[in-house]
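Raw contents of coords-v8.txt, compact mmCIF, C-alpha atoms:
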```
# COMPACT_ATOMS: atom_id res chain seq x y z
CA MET A 18 0.00 0.00 0.00
CA ASN A 19 2.96 2.32 0.59
CA ASN A 20 3.85 2.11 -3.11
CA LEU A 21 0.42 3.28 -4.24
CA THR A 22 0.11 6.55 -6.09
CA LYS A 23 -2.42 9.16 -5.04
CA LYS A 24 -4.59 8.10 -7.97
CA ASP A 25 -4.44 4.45 -6.86
CA LYS A 26 -5.38 5.35 -3.30
CA THR A 27 -8.29 7.47 -4.53
CA ARG A 28 -9.49 4.64 -6.78
CA ARG A 29 -9.31 2.17 -3.91
CA LEU A 30 -11.22 4.46 -1.57
CA VAL A 31 -13.93 5.32 -4.10
CA GLU A 32 -14.34 1.74 -5.27
CA SER A 33 -14.57 0.47 -1.69
CA ALA A 34 -17.14 3.14 -0.80
CA LEU A 35 -19.24 2.17 -3.84
CA MET A 36 -19.01 -1.53 -2.96
CA LEU A 37 -19.97 -0.77 0.63
CA ALA A 38 -22.96 1.25 -0.55
CA LEU A 39 -24.01 -1.51 -2.97
CA SER A 40 -23.68 -4.15 -0.26
CA THR A 41 -25.78 -2.05 2.12
CA ILE A 42 -28.51 -1.45 -0.48
CA LEU A 43 -28.69 -5.15 -1.38
CA SER A 44 -28.88 -6.09 2.32
CA GLU A 45 -31.90 -3.81 2.69
CA LEU A 46 -33.73 -5.61 -0.16
CA PRO A 47 -34.17 -9.12 1.28
CA VAL A 48 -35.76 -11.92 -0.68
CA ILE A 49 -36.74 -13.73 2.51
CA GLU A 50 -36.85 -12.00 5.88
CA PHE A 51 -36.89 -14.02 9.09
CA PRO A 52 -39.23 -12.95 11.95
CA PHE A 53 -36.55 -12.40 14.61
CA GLY A 54 -33.79 -11.00 12.42
CA GLY A 55 -31.69 -12.38 9.61
CA SER A 56 -32.55 -12.51 5.94
CA VAL A 57 -31.69 -14.07 2.62
CA THR A 58 -30.46 -11.45 0.16
CA ILE A 59 -29.33 -11.43 -3.44
CA PHE A 60 -25.53 -11.11 -3.40
CA SER A 61 -25.33 -8.53 -0.59
CA GLN A 62 -22.08 -10.05 0.70
CA VAL A 63 -20.40 -10.26 -2.71
CA PRO A 64 -19.28 -6.59 -3.01
CA MET A 65 -17.44 -6.84 0.32
CA VAL A 66 -15.84 -10.12 -0.73
CA VAL A 67 -14.62 -8.43 -3.91
CA VAL A 68 -13.10 -5.54 -1.91
CA SER A 69 -11.15 -7.94 0.30
CA TYR A 70 -10.03 -10.04 -2.66
CA ARG A 71 -8.82 -7.02 -4.61
CA TYR A 72 -7.16 -5.07 -1.82
CA GLY A 73 -6.22 -7.65 0.79
CA VAL A 74 -7.33 -8.67 4.25
CA LYS A 75 -6.15 -5.52 6.08
CA TRP A 76 -8.09 -3.17 3.83
CA GLY A 77 -10.95 -5.65 3.68
CA ALA A 78 -11.12 -5.79 7.48
CA PHE A 79 -11.45 -2.00 7.59
CA ALA A 80 -14.24 -2.12 4.97
CA GLY A 81 -15.88 -4.98 6.85
CA LEU A 82 -15.77 -3.00 10.09
CA CYS A 83 -17.53 -0.13 8.30
CA MET A 84 -20.13 -2.59 7.03
CA GLY A 85 -20.67 -3.91 10.55
CA ILE A 86 -21.18 -0.39 11.95
CA ILE A 87 -23.65 0.47 9.19
CA GLN A 88 -25.60 -2.75 9.78
CA MET A 89 -25.69 -1.98 13.50
CA LEU A 90 -27.07 1.50 12.86
CA PHE A 91 -29.80 0.00 10.66
CA GLY A 92 -30.56 -2.55 13.39
CA MET A 93 -30.63 -0.22 16.40
CA GLY A 94 -34.18 -1.36 17.15
CA ASN A 95 -32.82 -4.74 18.26
CA PHE A 96 -31.23 -3.15 21.31
CA ALA A 97 -34.72 -2.67 22.76
CA TYR A 98 -35.10 -6.45 23.09
CA VAL A 99 -32.04 -7.09 25.26
CA SER A 100 -30.88 -5.76 28.60
CA GLY A 101 -27.62 -5.69 30.49
CA ILE A 102 -24.12 -4.71 29.44
CA ALA A 103 -23.12 -8.29 28.54
CA ALA A 104 -26.13 -8.67 26.23
CA TYR A 105 -25.43 -5.32 24.56
CA LEU A 106 -21.80 -6.27 23.96
CA ILE A 107 -22.75 -9.67 22.51
CA LEU A 108 -25.31 -7.99 20.26
CA ILE A 109 -22.82 -5.36 19.10
CA PHE A 110 -19.97 -7.74 18.37
CA ALA A 111 -21.57 -11.11 17.55
CA ASP A 112 -24.47 -9.81 15.46
CA TYR A 113 -22.76 -6.83 13.83
CA ILE A 114 -19.09 -5.91 14.23
CA ILE A 115 -17.52 -9.37 14.02
CA ALA A 116 -20.27 -10.99 11.94
CA PHE A 117 -20.10 -8.44 9.12
CA GLY A 118 -16.52 -7.44 9.78
CA ALA A 119 -15.55 -11.03 8.98
CA LEU A 120 -16.50 -10.37 5.36
CA GLY A 121 -13.31 -8.36 5.13
CA PHE A 122 -11.23 -11.52 5.56
CA SER A 123 -12.61 -13.17 2.42
CA GLY A 124 -9.44 -12.36 0.48
CA MET A 125 -7.48 -14.75 2.71
CA PHE A 126 -7.04 -17.36 -0.04
CA LYS A 127 -5.93 -15.01 -2.82
CA ASN A 128 -2.24 -15.92 -2.60
CA LYS A 129 -2.84 -19.48 -1.41
CA ILE A 130 -5.16 -20.74 -4.15
CA LYS A 131 -3.93 -19.90 -7.64
CA ASN A 132 -7.28 -20.24 -9.42
CA PRO A 133 -9.00 -16.85 -8.85
CA VAL A 134 -12.51 -18.31 -9.17
CA VAL A 135 -11.85 -21.01 -6.57
CA SER A 136 -9.95 -18.56 -4.36
CA ILE A 137 -12.67 -15.93 -4.11
CA ALA A 138 -15.43 -18.55 -3.82
CA ALA A 139 -13.58 -20.28 -0.96
CA GLY A 140 -13.14 -16.92 0.78
CA GLY A 141 -16.82 -16.09 0.38
CA ALA A 142 -17.81 -19.49 1.81
CA ALA A 143 -15.36 -19.24 4.73
CA VAL A 144 -16.55 -15.82 5.90
CA SER A 145 -20.18 -16.90 5.56
CA VAL A 146 -19.43 -19.75 7.97
CA ILE A 147 -17.73 -17.32 10.37
CA ARG A 148 -20.76 -15.04 10.18
CA PHE A 149 -23.06 -18.01 10.90
CA ILE A 150 -20.98 -18.93 13.97
CA CYS A 151 -21.29 -15.35 15.26
CA HIS A 152 -25.08 -15.35 14.89
CA PHE A 153 -25.26 -18.84 16.42
CA ILE A 154 -23.38 -17.63 19.51
CA SER A 155 -25.65 -14.61 19.74
CA GLY A 156 -28.71 -16.84 19.44
CA VAL A 157 -27.55 -19.12 22.24
CA THR A 158 -26.51 -16.35 24.62
CA ILE A 159 -29.03 -13.52 24.20
CA TRP A 160 -31.89 -14.73 21.97
CA GLY A 161 -32.59 -18.01 23.78
CA ASP A 162 -35.96 -16.77 25.07
CA TYR A 163 -37.32 -17.06 21.54
CA ALA A 164 -36.59 -20.78 21.38
CA ASP A 165 -39.46 -23.22 21.12
CA GLY A 166 -39.83 -25.06 24.43
CA ALA A 167 -39.51 -28.36 22.56
CA GLN A 168 -36.01 -27.45 21.37
CA ALA A 169 -32.74 -26.93 23.18
CA VAL A 170 -31.52 -23.34 22.88
CA TRP A 171 -28.43 -24.37 20.88
CA GLU A 172 -30.61 -26.42 18.49
CA TYR A 173 -32.99 -23.49 18.00
CA SER A 174 -30.13 -21.09 17.32
CA PHE A 175 -28.46 -23.52 14.92
CA THR A 176 -31.58 -24.23 12.84
CA TYR A 177 -32.83 -20.64 12.88
CA ASN A 178 -29.53 -19.07 11.80
CA ALA A 179 -28.74 -21.85 9.33
CA GLY A 180 -32.15 -21.19 7.77
CA TYR A 181 -30.93 -17.93 6.25
CA MET A 182 -27.14 -18.30 6.37
CA VAL A 183 -26.97 -21.51 4.33
CA PRO A 184 -28.86 -19.91 1.39
CA GLU A 185 -26.78 -16.75 1.90
CA LEU A 186 -23.57 -18.80 1.71
CA ILE A 187 -24.71 -20.53 -1.50
CA ILE A 188 -25.79 -17.24 -3.11
CA THR A 189 -22.49 -15.62 -2.12
CA VAL A 190 -20.41 -18.45 -3.59
CA VAL A 191 -22.43 -18.41 -6.83
CA GLY A 192 -22.05 -14.62 -7.06
CA CYS A 193 -18.29 -14.85 -6.45
CA VAL A 194 -17.89 -17.55 -9.11
CA VAL A 195 -19.80 -15.49 -11.68
CA ILE A 196 -17.94 -12.26 -10.88
CA ALA A 197 -14.50 -13.90 -10.94
CA SER A 198 -15.32 -15.77 -14.14
CA VAL A 199 -16.41 -12.64 -15.99
CA PHE A 200 -14.13 -9.96 -14.55
CA ASP A 201 -10.41 -9.64 -13.97
CA LEU A 202 -10.29 -8.66 -10.31
CA SER A 203 -6.50 -8.53 -10.14
CA SER A 204 -6.08 -5.56 -12.49
CA LYS A 205 -6.01 -1.98 -11.23
CA GLU A 206 -9.45 -1.40 -12.71
CA ILE A 207 -12.11 -4.09 -12.79
CA LYS A 208 -12.25 -5.21 -16.41
CA VAL A 209 -14.08 -7.90 -18.35
CA LYS A 210 -11.75 -10.81 -18.99
CA ARG A 211 -10.52 -11.18 -22.54
CA ARG A 212 -11.52 -14.39 -24.20
CA LYS A 213 -8.62 -16.53 -25.28
CA SER A 214 -8.55 -16.77 -29.03
CA ALA A 215 -8.53 -20.21 -30.55
CA GLU A 216 -5.12 -21.22 -31.79
```

Could you spell out this file's structure in structure tokens?
Amino acid sequence: MNNLTKKDKTRRLVESALMLALSTILSELPVIEFPFGGSVTIFSQVPMVVVSYRYGVKWGAFAGLCMGIIQMLFGMGNFAYVSGIAAYLILIFADYIIAFGALGFSGMFKNKIKNPVVSIAAGGAAVSVIRFICHFISGVTIWGDYADGAQAVWEYSFTYNAGYMVPELIITVVGCVVIASVFDLSSKEIKVKRRKSAE
């Protein structure tokens, strides 16, 4: 990052801001919305995955943190349903800061898996699992009162959060595969990949 020109830094900042805005808009247009929070969206995680893949985990983590704060601001109403400092902290970190901030780590496989399609898809899947774990912990610790009496709290949290996070994971992976197949994400500017001419 120290070798970046002013133009490169500006491009990175503007592109990241646009991706963050796109991710936020898509997250506010759910296809399926669950009654006690959580939803299935169309590719809302993909823009943040792209940011992390293009600019690395450190920059991605910063963008993910911004995403987490924005999601928390949109979900401020949830704080009315919990009480106590511990519950507030779990809600802040498990449901927002860490859960969405984890999206910034999706570029973790860029230099470990050579195939860019597989690399970005693996990153998208991995951070979706991390996000699920965060929501699962939150469900067990502060949302247990919503569990059906016939279910253990951990079972309720697992099935409830898996209900939207499994589709979200699949949609994210599909979106990452399509994006990485069509666009060259390693170039300075996102460009459509050139088709190899037949020899």

### Query
Which of these, A:Phe153, A:Tyr98, A:Phe122, A:Phe79, has the shortest distance to Gln62 in chain A once you count all atoms listed in the file?
A:Phe122

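Here CA of Ala111 in chain A and CA of Cys151 in chain A stand 4.8 Å from one another.
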
### Query
CA of Phe110 in chain A and CA of Ala138 in chain A are how many Å apart?
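Separation between CA of Phe110 in chain A and CA of Ala138 in chain A: 25.1 Å.
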
### Message
Under the rule that only C-alpha atoms are counted, which of A:Ile87, A:Lys131, A:Ser123, A:Val63 is the nearest residue to Ile187 in chain A?
### Response
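Closest to Ile187 in chain A, using only C-alpha atoms: A:Val63.
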
Counting all atoms listed in the file, which residues in range 81-148 of chain A sit no more than 8 Å from range 156-162 of chain A? For each one, give the nearest pair of atoms and the distance in Å, sorted by chain then residue number, as a tab-separated table.
```
residue	atom	partner	partner_atom	distance
A:Val99	CA	A:Ile159	CA	7.2
A:Ala104	CA	A:Ile159	CA	6.0
A:Ile107	CA	A:Ile159	CA	7.6
A:Leu108	CA	A:Ile159	CA	7.7
```

Rows by chain and residue number, range 93-199 of chain A within 12 Å of range 39-57 of chain A, shortest pair, only C-alpha atoms, as a Markdown table:
```
| residue | atom | partner | partner_atom | distance |
| --- | --- | --- | --- | --- |
| A:Met93 | CA | A:Gly54 | CA | 11.9 |
| A:Gly94 | CA | A:Gly54 | CA | 10.7 |
| A:Asn95 | CA | A:Gly54 | CA | 8.6 |
| A:Tyr98 | CA | A:Phe53 | CA | 10.5 |
| A:Leu108 | CA | A:Gly54 | CA | 11.9 |
| A:Asp112 | CA | A:Gly55 | CA | 9.6 |
| A:Tyr113 | CA | A:Gly55 | CA | 11.3 |
| A:Ala116 | CA | A:Gly55 | CA | 11.7 |
| A:Phe117 | CA | A:Ser40 | CA | 10.9 |
| A:Leu120 | CA | A:Ser40 | CA | 11.0 |
| A:Arg148 | CA | A:Gly55 | CA | 11.3 |
| A:Phe149 | CA | A:Gly55 | CA | 10.4 |
| A:His152 | CA | A:Gly55 | CA | 9.0 |
| A:Phe153 | CA | A:Gly55 | CA | 11.4 |
| A:Ser155 | CA | A:Gly54 | CA | 11.5 |
| A:Gly156 | CA | A:Phe53 | CA | 10.2 |
| A:Trp160 | CA | A:Phe53 | CA | 9.0 |
| A:Gly161 | CA | A:Phe53 | CA | 11.5 |
| A:Asp162 | CA | A:Phe53 | CA | 11.4 |
| A:Tyr163 | CA | A:Phe53 | CA | 8.4 |
| A:Ala164 | CA | A:Phe53 | CA | 10.8 |
| A:Ser174 | CA | A:Phe53 | CA | 11.1 |
| A:Tyr177 | CA | A:Phe51 | CA | 8.6 |
| A:Asn178 | CA | A:Gly55 | CA | 7.4 |
| A:Ala179 | CA | A:Gly55 | CA | 9.9 |
| A:Gly180 | CA | A:Phe51 | CA | 8.7 |
| A:Tyr181 | CA | A:Val57 | CA | 5.4 |
| A:Met182 | CA | A:Val57 | CA | 7.3 |
| A:Val183 | CA | A:Val57 | CA | 9.0 |
| A:Pro184 | CA | A:Val57 | CA | 6.6 |
| A:Glu185 | CA | A:Val57 | CA | 5.6 |
| A:Leu186 | CA | A:Val57 | CA | 9.4 |
| A:Ile187 | CA | A:Val57 | CA | 10.4 |
| A:Ile188 | CA | A:Val57 | CA | 8.8 |
| A:Thr189 | CA | A:Val57 | CA | 10.5 |
```

#### Entry: Nearby residues (all atoms listed in the file) at most 10 Å from Trp76 in chain A, same-chain spacing under 5 positions excluded, as a ChimeraX atom specification
/A:18,29-30,33,68-71,81-82,121-122,124

Enclose the full set of atoms of range 67-84 of chain A listed in the file within a box whose edges lie along x, y and z, apply 8 Å of padding to each of the six sides, and report centre and edge lengths in Å to one decimal as JSON.
```
{"center_x": -13.1, "center_y": -5.1, "center_z": 2.7, "size_x": 30.0, "size_y": 25.9, "size_z": 30.7}
```

### Task
Take CA of Val134 in chain A and CA of Cys193 in chain A and report the distance between them in Å, one decimal.
7.3 Å

### Task
Can you work out which one of A:Pro64, A:Met84, A:Ala119, A:Ala78 has the shortest atom-to-atom distance to Gly192 in chain A, counting only C-alpha atoms?
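Among A:Pro64, A:Met84, A:Ala119, A:Ala78, it is A:Pro64 that comes nearest to Gly192 in chain A.
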
### Message
Taking all atoms listed in the file into account, name the residue in A:Ile86, A:Leu21, A:Val199, A:Leu37 that is nearest to Met65 in chain A.
### Response
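Going through A:Ile86, A:Leu21, A:Val199, A:Leu37 one by one, the smallest distance to Met65 in chain A is for A:Leu37.
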
### Query
Taking into account only C-alpha atoms, which residue in the set A:Phe175, A:Lys75, A:Ile207, A:Ile109 is nearest to Glu32 in chain A?
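Using only C-alpha atoms, the shortest distance to Glu32 in chain A belongs to A:Ile207.
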
#### Entry: Residue with smallest distance to Ile154 in chain A - pool A:Cys83, A:Glu172, A:Gly118, A:Val67, counting all atoms listed in the file
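Of A:Cys83, A:Glu172, A:Gly118, A:Val67, the one nearest Ile154 in chain A is A:Glu172, counting all atoms listed in the file.
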